[in-house]
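*Asks:* Next comes data-v5.txt, compact mmCIF, C-alpha atoms:
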```txt
# COMPACT_ATOMS: atom_id res chain seq x y z
CA MET A 1 14.53 53.74 112.69
CA VAL A 2 18.20 52.82 112.50
CA ALA A 3 18.94 55.90 110.40
CA ALA A 4 17.21 58.14 112.92
CA GLU A 5 19.29 56.63 115.72
CA ALA A 6 22.47 57.23 113.71
CA ASP A 7 21.52 60.85 113.04
CA LYS A 8 20.82 61.39 116.73
CA LYS A 9 24.23 59.91 117.67
CA ALA A 10 26.01 62.03 115.07
CA ALA A 11 24.28 65.15 116.36
CA ALA A 12 25.33 64.30 119.92
CA ASP A 13 28.91 63.70 118.83
CA LEU A 14 28.90 67.01 116.98
CA GLU A 15 27.55 68.82 120.01
CA ARG A 16 30.21 67.17 122.21
CA LEU A 17 32.95 68.16 119.76
CA ARG A 18 31.61 71.72 119.60
CA LYS A 19 31.70 72.00 123.39
CA GLU A 20 35.21 70.53 123.55
CA PHE A 21 36.34 72.97 120.85
CA ALA A 22 34.80 75.90 122.72
CA THR A 23 36.51 74.83 125.95
CA GLU A 24 39.86 74.38 124.17
CA THR A 25 39.50 77.76 122.45
CA ALA A 26 38.81 79.45 125.77
CA ARG A 27 41.83 77.73 127.31
CA LEU A 28 44.08 78.77 124.43
CA ARG A 29 42.76 82.34 124.58
CA GLU A 30 43.57 82.43 128.28
CA LEU A 31 47.07 81.02 127.68
CA HIS A 32 47.68 83.54 124.90
CA GLY A 33 46.57 86.39 127.16
CA LYS A 34 48.93 85.20 129.89
CA ALA A 35 51.80 84.86 127.39
CA VAL A 36 51.21 88.37 126.06
CA ALA A 37 51.14 89.79 129.59
CA GLU A 38 54.33 87.93 130.51
CA ALA A 39 56.09 89.06 127.33
CA ARG A 40 55.09 92.63 128.06
CA ALA A 41 56.41 92.31 131.62
CA ALA A 42 59.64 90.71 130.35
CA GLY A 43 60.00 93.49 127.78
CA ASP A 44 59.52 96.08 130.51
CA ASP A 45 62.06 94.22 132.67
CA LEU A 46 64.54 94.12 129.78
CA THR A 47 64.08 97.82 129.05
CA ALA A 48 64.54 98.60 132.74
CA LEU A 49 67.61 96.35 132.89
CA LYS A 50 69.15 98.06 129.85
CA ALA A 51 68.48 101.50 131.33
CA ARG A 52 70.06 100.40 134.62
CA GLN A 53 73.07 98.93 132.79
CA SER A 54 73.47 102.15 130.83
CA GLN A 55 73.28 104.22 134.02
CA LEU A 56 75.83 101.99 135.77
CA PHE A 57 78.16 102.32 132.77
CA ARG A 58 77.89 106.12 132.84
CA GLU A 59 78.63 106.14 136.57
CA ALA A 60 81.63 103.84 136.09
CA GLN A 61 82.87 106.03 133.23
CA MET A 62 82.54 109.18 135.33
CA ALA A 63 84.36 107.54 138.25
CA TYR A 64 87.15 106.25 135.98
CA LEU A 65 87.72 109.63 134.30
CA ASN A 66 87.45 111.52 137.61
CA VAL A 67 90.12 109.35 139.21
CA ALA A 68 92.46 109.42 136.22
CA ALA A 69 91.95 113.06 135.24
CA PRO A 70 90.31 114.88 138.18
CA THR A 71 90.97 118.40 136.92
CA GLU A 72 90.11 117.91 133.27
CA ALA A 73 87.00 117.46 131.18
CA GLY A 74 85.96 116.32 127.72
CA LEU A 75 88.55 114.95 125.33
CA GLN A 76 91.42 116.15 127.51
CA ALA A 77 90.18 113.99 130.40
CA ARG A 78 89.93 110.98 128.09
CA GLN A 79 93.43 111.65 126.75
CA THR A 80 94.93 111.94 130.24
CA ALA A 81 93.11 108.81 131.46
CA ALA A 82 94.33 106.78 128.46
CA ARG A 83 97.90 108.01 128.93
CA ARG A 84 97.98 107.32 132.66
CA SER A 85 96.52 103.86 132.25
CA LEU A 86 99.03 103.12 129.45
CA LEU A 87 96.17 101.80 127.34
CA ALA A 88 97.95 101.89 123.96
CA ALA A 89 101.08 100.20 125.33
CA ARG A 90 98.92 97.50 126.97
CA CYS A 91 97.24 96.86 123.61
CA ALA A 92 100.60 95.97 122.09
CA GLN A 93 101.37 93.62 124.99
CA LEU A 94 97.98 91.91 125.30
CA GLU A 95 97.12 91.39 121.62
CA LYS A 96 98.96 88.06 121.69
CA LEU A 97 96.93 86.84 124.68
CA ALA A 98 93.54 87.23 122.99
CA ARG A 99 91.93 83.91 122.14
CA ALA A 100 89.70 84.95 119.25
CA GLU A 101 90.89 86.44 115.96
CA GLU A 102 88.14 89.09 116.20
CA THR A 103 89.50 90.19 119.61
CA ARG A 104 93.03 90.45 118.19
CA LYS A 105 91.70 92.64 115.37
CA ILE A 106 89.85 94.84 117.86
CA ILE A 107 92.97 95.26 120.02
CA ALA A 108 95.14 96.08 116.98
CA ARG A 109 92.60 98.72 116.01
CA LEU A 110 92.43 100.03 119.58
CA GLU A 111 96.21 100.47 119.64
CA VAL A 112 95.94 102.84 116.67
CA VAL A 113 92.88 104.69 118.01
CA LEU A 114 94.40 105.13 121.49
CA THR A 115 97.76 106.23 120.05
CA ARG A 116 95.90 108.79 117.93
CA LEU A 117 94.15 109.98 121.09
CA ASP A 118 97.50 110.24 122.88
CA LEU A 119 98.93 112.39 120.07
CA LEU A 120 95.80 114.48 119.60
CA ASP A 121 95.91 118.23 120.10
CA SER A 122 92.78 118.50 122.23
CA TYR A 123 92.47 122.22 121.40
CA ASP A 124 92.17 121.48 117.67
CA ALA A 125 88.47 121.09 116.83
CA ARG A 126 89.21 119.61 113.41
CA ALA A 127 91.49 116.96 114.89
CA GLU A 128 88.83 116.19 117.49
CA ASP A 129 86.27 115.73 114.74
CA GLY A 130 88.60 113.39 112.84
CA PHE A 131 89.16 111.39 116.01
CA ALA A 132 85.41 110.99 116.63
CA SER A 133 85.08 109.69 113.08
CA LEU A 134 87.92 107.20 113.70
CA VAL A 135 86.23 105.88 116.87
CA SER A 136 82.88 105.40 115.15
CA GLN A 137 84.38 103.52 112.18
CA ASP A 138 83.46 99.86 111.80
CA GLY A 139 81.33 99.82 114.97
CA LEU A 140 84.38 99.48 117.22
CA LEU A 141 82.55 100.08 120.51
CA GLY A 142 79.75 97.65 119.62
CA ARG A 143 82.32 94.98 118.75
CA ILE A 144 84.04 95.53 122.12
CA GLU A 145 80.69 95.13 123.87
CA THR A 146 80.06 91.84 122.06
CA VAL A 147 83.44 90.44 123.12
CA LEU A 148 82.88 91.58 126.72
CA ALA A 149 79.41 90.02 126.80
CA ALA A 150 80.79 86.68 125.60
CA GLY A 151 83.26 86.66 128.51
CA ALA A 152 85.55 84.22 126.70
CA GLU A 153 88.80 86.23 126.85
CA PRO A 154 91.41 86.28 129.65
CA GLU A 155 90.76 88.77 132.45
CA SER A 156 93.63 91.08 131.47
CA VAL A 157 92.20 91.38 127.95
CA ARG A 158 88.67 92.00 129.23
CA ILE A 159 89.90 94.73 131.61
CA LEU A 160 91.78 96.42 128.77
CA LEU A 161 88.68 96.32 126.55
CA LEU A 162 86.47 97.67 129.34
CA GLU A 163 88.86 100.53 130.15
CA SER A 164 89.13 101.39 126.46
CA ARG A 165 85.35 101.43 126.22
CA LEU A 166 85.12 103.71 129.26
CA VAL A 167 87.56 106.13 127.64
CA LEU A 168 86.11 106.05 124.12
CA THR A 169 82.36 105.94 124.72
CA GLY A 170 80.70 109.30 124.14
CA VAL A 171 83.42 110.80 121.93
CA ASN A 172 81.34 113.02 119.66
CA ARG A 173 81.88 115.02 116.56
CA VAL A 174 82.35 118.71 117.24
CA GLY A 175 80.25 119.93 114.34
CA MET B 1 102.27 104.16 136.93
CA TRP B 2 101.36 107.85 137.02
CA ALA B 3 103.86 110.08 135.33
CA ASP B 4 105.09 113.19 137.01
CA ARG B 5 102.45 115.86 136.47
CA THR B 6 104.80 118.83 136.33
CA THR B 7 107.00 117.19 133.69
CA LYS B 8 103.92 116.43 131.63
CA LEU B 9 102.64 119.98 131.88
CA LEU B 10 106.05 121.32 130.85
CA LEU B 11 106.12 118.95 127.88
CA VAL B 12 102.63 120.01 126.82
CA ALA B 13 103.53 123.69 127.21
CA THR B 14 106.71 123.22 125.16
CA ALA B 15 104.83 121.37 122.45
CA LEU B 16 102.14 124.04 122.33
CA LEU B 17 104.65 126.85 122.10
CA THR B 18 106.67 125.18 119.37
CA GLY B 19 103.54 123.94 117.55
CA CYS B 20 103.04 127.36 116.00
CA GLN B 21 106.40 127.27 114.27
CA ALA B 22 106.84 125.94 110.75
CA ALA B 23 108.33 122.49 110.47
CA PRO B 24 112.03 122.25 109.65
CA GLN B 25 112.59 121.47 105.99
CA LEU B 26 112.69 117.71 106.01
CA LEU B 27 112.59 115.40 103.07
CA VAL B 28 110.61 112.20 103.29
CA PRO B 29 113.13 109.88 104.89
CA PRO B 30 114.84 107.28 102.77
CA GLY B 31 114.50 103.57 103.25
CA ASP B 32 110.73 103.51 103.28
CA GLY B 33 110.32 102.00 99.87
CA SER B 34 109.50 105.24 98.05
CA ALA B 35 111.39 105.80 94.82
CA GLU B 36 111.50 109.56 95.29
CA PRO B 37 110.39 112.03 97.95
CA ALA B 38 106.68 112.83 97.97
CA ARG B 39 105.84 116.22 96.49
CA ALA B 40 104.49 118.81 98.92
CA VAL B 41 100.74 119.36 98.66
CA GLY B 42 98.61 122.15 100.12
CA PRO B 43 97.75 122.20 103.83
CA GLY B 44 94.15 121.08 103.20
CA GLN B 45 95.28 118.10 101.16
CA ALA B 46 97.85 117.20 103.81
CA GLU B 47 95.06 117.06 106.41
CA ALA B 48 92.95 114.85 104.16
CA ASP B 49 95.91 112.55 103.45
CA PHE B 50 96.72 112.35 107.14
CA ASP B 51 93.15 111.41 108.15
CA GLU B 52 92.94 108.84 105.35
CA ALA B 53 96.27 107.30 106.35
CA VAL B 54 95.30 107.05 110.05
CA ALA B 55 92.00 105.39 109.10
CA MET B 56 93.91 102.89 106.92
CA THR B 57 96.31 102.16 109.77
CA ALA B 58 93.36 101.53 112.10
CA ARG B 59 92.01 99.02 109.57
CA GLY B 60 95.39 97.26 109.54
CA GLU B 61 96.22 98.46 106.00
CA TYR B 62 99.77 99.42 106.98
CA GLU B 63 101.33 99.14 103.50
CA ALA B 64 98.60 101.22 101.87
CA ALA B 65 98.86 103.88 104.61
CA LEU B 66 102.53 104.62 103.85
CA SER B 67 101.83 106.60 100.69
CA PRO B 68 99.28 109.08 102.15
CA PHE B 69 101.47 109.48 105.26
CA ARG B 70 104.43 110.39 102.99
CA ARG B 71 102.32 112.92 101.09
CA ALA B 72 101.01 114.41 104.35
CA LEU B 73 104.58 114.61 105.71
CA ALA B 74 105.68 116.51 102.62
CA GLY B 75 102.74 118.91 103.06
CA TYR B 76 103.33 119.51 106.77
CA ASP B 77 107.07 119.78 106.12
CA ALA B 78 106.38 122.62 103.68
CA PHE B 79 103.50 124.40 105.41
CA GLY B 80 103.47 123.21 109.04
CA PRO B 81 102.39 122.61 111.67
CA ALA B 82 105.53 120.87 112.85
CA GLN B 83 103.55 118.79 115.33
CA ARG B 84 101.75 117.07 112.46
CA ALA B 85 105.01 116.46 110.60
CA ALA B 86 106.30 114.79 113.75
CA GLU B 87 103.16 112.64 113.94
CA CYS B 88 103.60 111.59 110.29
CA LEU B 89 107.12 110.38 111.04
CA PHE B 90 105.79 108.48 114.06
CA TRP B 91 103.05 106.76 112.05
CA LEU B 92 105.46 105.90 109.23
CA GLY B 93 107.65 104.19 111.84
CA PHE B 94 104.60 102.52 113.37
CA CYS B 95 103.42 101.11 110.01
CA HIS B 96 106.89 99.79 109.16
CA GLU B 97 107.10 98.23 112.62
CA LYS B 98 103.78 96.45 112.06
CA LEU B 99 105.05 95.28 108.67
CA GLN B 100 108.08 93.75 110.48
CA ARG B 101 110.46 96.18 108.74
CA ARG B 102 112.53 96.93 111.76
CA THR B 103 115.30 98.91 110.05
CA GLU B 104 112.84 101.29 108.36
CA ALA B 105 110.81 101.67 111.55
CA GLU B 106 113.91 102.55 113.57
CA ALA B 107 115.04 105.02 110.91
CA HIS B 108 111.74 106.92 111.10
CA TYR B 109 111.66 106.92 114.90
CA ARG B 110 115.27 108.17 115.05
CA GLN B 111 114.57 110.89 112.50
CA LEU B 112 111.61 111.97 114.60
CA LEU B 113 113.78 112.12 117.73
CA ALA B 114 116.47 114.08 115.88
CA HIS B 115 114.15 116.72 114.37
CA TYR B 116 111.13 116.97 116.67
CA ALA B 117 112.38 115.95 120.12
CA ALA B 118 110.04 118.35 121.95
CA TYR B 119 106.85 116.72 120.70
CA ARG B 120 104.75 114.03 122.30
CA ALA B 121 105.23 111.86 119.20
CA ALA B 122 108.96 111.77 119.99
CA ARG B 123 108.24 110.37 123.48
CA LEU B 124 106.11 107.60 122.00
CA ALA B 125 108.76 106.87 119.35
CA GLU B 126 111.42 106.65 122.06
CA ALA B 127 109.32 104.14 124.02
CA ARG B 128 108.74 102.03 120.90
CA LEU B 129 112.46 102.11 120.04
CA LEU B 130 113.35 100.91 123.54
CA ARG B 131 110.80 98.12 123.28
CA MET B 132 112.11 97.10 119.86
CA GLN B 133 115.66 97.02 121.16
CA ALA B 134 114.59 94.85 124.10
CA GLN B 135 113.14 92.29 121.72
CA PRO B 136 115.53 90.05 119.81
CA HIS B 137 115.36 90.59 116.09
CA VAL B 138 113.76 87.53 114.57
CA PRO B 139 114.52 87.24 110.87
CA GLN B 140 111.52 86.48 108.70
CA PRO B 141 111.49 82.91 107.34
CA LEU B 142 112.22 82.50 103.66
CA PRO B 143 109.19 81.60 101.56
CA LEU B 144 109.01 77.92 100.73
CA THR B 145 110.10 77.12 97.20
CA PRO B 146 110.73 73.71 95.62
CA ASP B 147 114.40 74.17 96.59
CA THR B 148 113.80 75.08 100.24
CA ALA B 149 110.71 72.98 101.05
CA PRO B 150 111.32 70.13 103.54
CA GLY B 151 111.94 66.74 102.02
CA GLN B 152 113.26 68.15 98.75
```
Since I need it in another form, could you write the structure as C-alpha cells?
*Replies:*
Amino acid sequence: MVAAEADKKAAADLERLRKEFATETARLRELHGKAVAEARAAGDDLTALKARQSQLFREAQMAYLNVAAPTEAGLQARQTAARRSLLAARCAQLEKLARAEETRKIIARLEVVLTRLDLLDSYDARAEDGFASLVSQDGLLGRIETVLAAGAEPESVRILLLESRLVLTGVNRVG
Amino acid sequence: MWADRTTKLLLVATALLTGCQAAPQLLVPPGDGSAEPARAVGPGQAEADFDEAVAMTARGEYEAALSPFRRALAGYDAFGPAQRAAECLFWLGFCHEKLQRRTEAEAHYRQLLAHYAAYRAARLAEARLLRMQAQPHVPQPLPLTPDTAPGQ
C-alpha cells in the first residue's frame, strides 16, 4: 500500500517535471527565435550602416578632390590635391605629435608615399602601377582607418590621416 | 596655401619637355658611404632597383635603400630619363636626412639643384634644405662606454 502510494507520487512528480521542462523548452525556443530575429536585424542595420559610411566617404572624397583639383581627374587630381594641401610636408611636422608608435610609423610611411605621389609622372602608366603597389603595401589604408576609428590622436593628426586617406583610397593598378 | 597655378603649369611643362632628354653624365655623388660609384645597369634593372628602393624607404629601411637607389641613379644617369635620375638624388638625400646624416643629405640635395634644377624633385629638395637650415644641427650623442657612462 505504501509502495503504491510512493509510485503514484513519483509518477506525479515526473509528470510535473515533464510539464515544467516542456514549458521551459517552449520559452527558450521563443527566446532563441527572438534573438535570431534581432541578430538578423542588427546584421542588416550594420550592413546598411557600412554601406552608408562607404557612400559618405565616396562623397567626401569627391568633394575634396573637386575642390582641390577641379579641372583634373584620376591620379593627376590626387597629385594636385596632395600638393595643394601640403600633405607630405605636414607628415614631417606632425609625426612628432602622434601619441602611438603605430601612428608615428603610419605617418612616416605616408610621408614617403605622398612624396612619391608628388614626384610621380602621372602620364607614365608603369610609374602609376608602381605607385598603386606602394599604396597597397602593408595594408596602409586599413591601418589608417583603425587609428581614425580609435580617435585617440590629436585633431591635427586625425585630419592629416583623413585627408591622406581621401587622396589615396581608390588608387588602382593600371594593368 | 595654394601655389600660383600658372607657375606650376610652366614648371610641369618645362619638366615634361626636358624629361625626354638623356640625363647629364653624373657619377654617384661622394660622401654617401659607397666605396666606389655604382656601375650603370640597364634601364629595366634601374626601374626595378628604383621601385625596390622606394618600397624600402616606405618601410623605414633607409640604410638598405641607399644601395638600390645608387644603382638606379647610375642606370638613369647612363640611359635616362633625367627626371628619374633627379628623383634618385632626391631620395638619396631623403634617406640620409632620415638617418640624421645632415652633411650627406645636403650634398645630395645640392647636387640635385645644381644638375636638375628644372625638375619637381629639385623644388622638394630646396624646401627640405631650407627646413634643415632652419633647424639647429643637434650632434648625435656619443654611445655610452665604460669611460663615458655617468658615475664612472
*Asks:* Given only C-alpha atoms, how would the per-residue table for chain A near chain B read, listing every residue at most 6 Å away with its closest atom pair and distance in Å to one decimal, sorted by chain and number, as a tab-separated table?
*Replies:*
```
residue	atom	partner	partner_atom	distance
A:Arg84	CA	B:Trp2	CA	5.5
A:Arg109	CA	B:Ala58	CA	4.9
A:Val112	CA	B:Ala58	CA	5.4
```
*Asks:* What is the distance between CA of Arg83 in chain A and CA of Arg131 in chain B, in Å to one decimal?
*Replies:*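 CA of Arg131 in chain B lies 17.2 Å from CA of Arg83 in chain A.
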*Asks:* Could you jot down the CA of His96 in chain B to CA of Leu129 in chain B separation for me, Å, one decimal place?
*Replies:* 12.4 Å
*Asks:* How far is it from CA of Arg52 in chain A to CA of Leu114 in chain A, in Å with one decimal?
*Replies:*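 These atoms are spaced 28.1 Å apart.
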*Asks:* Find the spatial neighbours of Ala53 in chain B, counting only C-alpha atoms, within a cut-off of 8 Å - ignore same-chain residues fewer than 3 positions away - and output them as a PyMOL selection string.
*Replies:* chain B and resi 49-50+56-57+64-69
*Asks:* Closest to Glu97 in chain B among B:Pro136, B:Gly44, B:Asp77, B:Tyr62, using only C-alpha atoms?
*Replies:*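 Checking each of B:Pro136, B:Gly44, B:Asp77, B:Tyr62 against Glu97 in chain B, counting only C-alpha atoms, the winner is B:Tyr62.
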*Asks:* Pick the closest to Arg99 in chain A from A:Arg29, A:Arg16, A:Lys9, A:Arg158: which is it, counting only C-alpha atoms?
*Replies:*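 The shortest atom-to-atom distance to Arg99 in chain A comes from A:Arg158.
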*Asks:* Considering all atoms listed in the file, can you say which of A:Ala77, A:Ala39, A:Ala82, A:Ala100 comes closest to Gly151 in chain A?
*Replies:*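 The answer is A:Ala100, which sits nearest to Gly151 in chain A.
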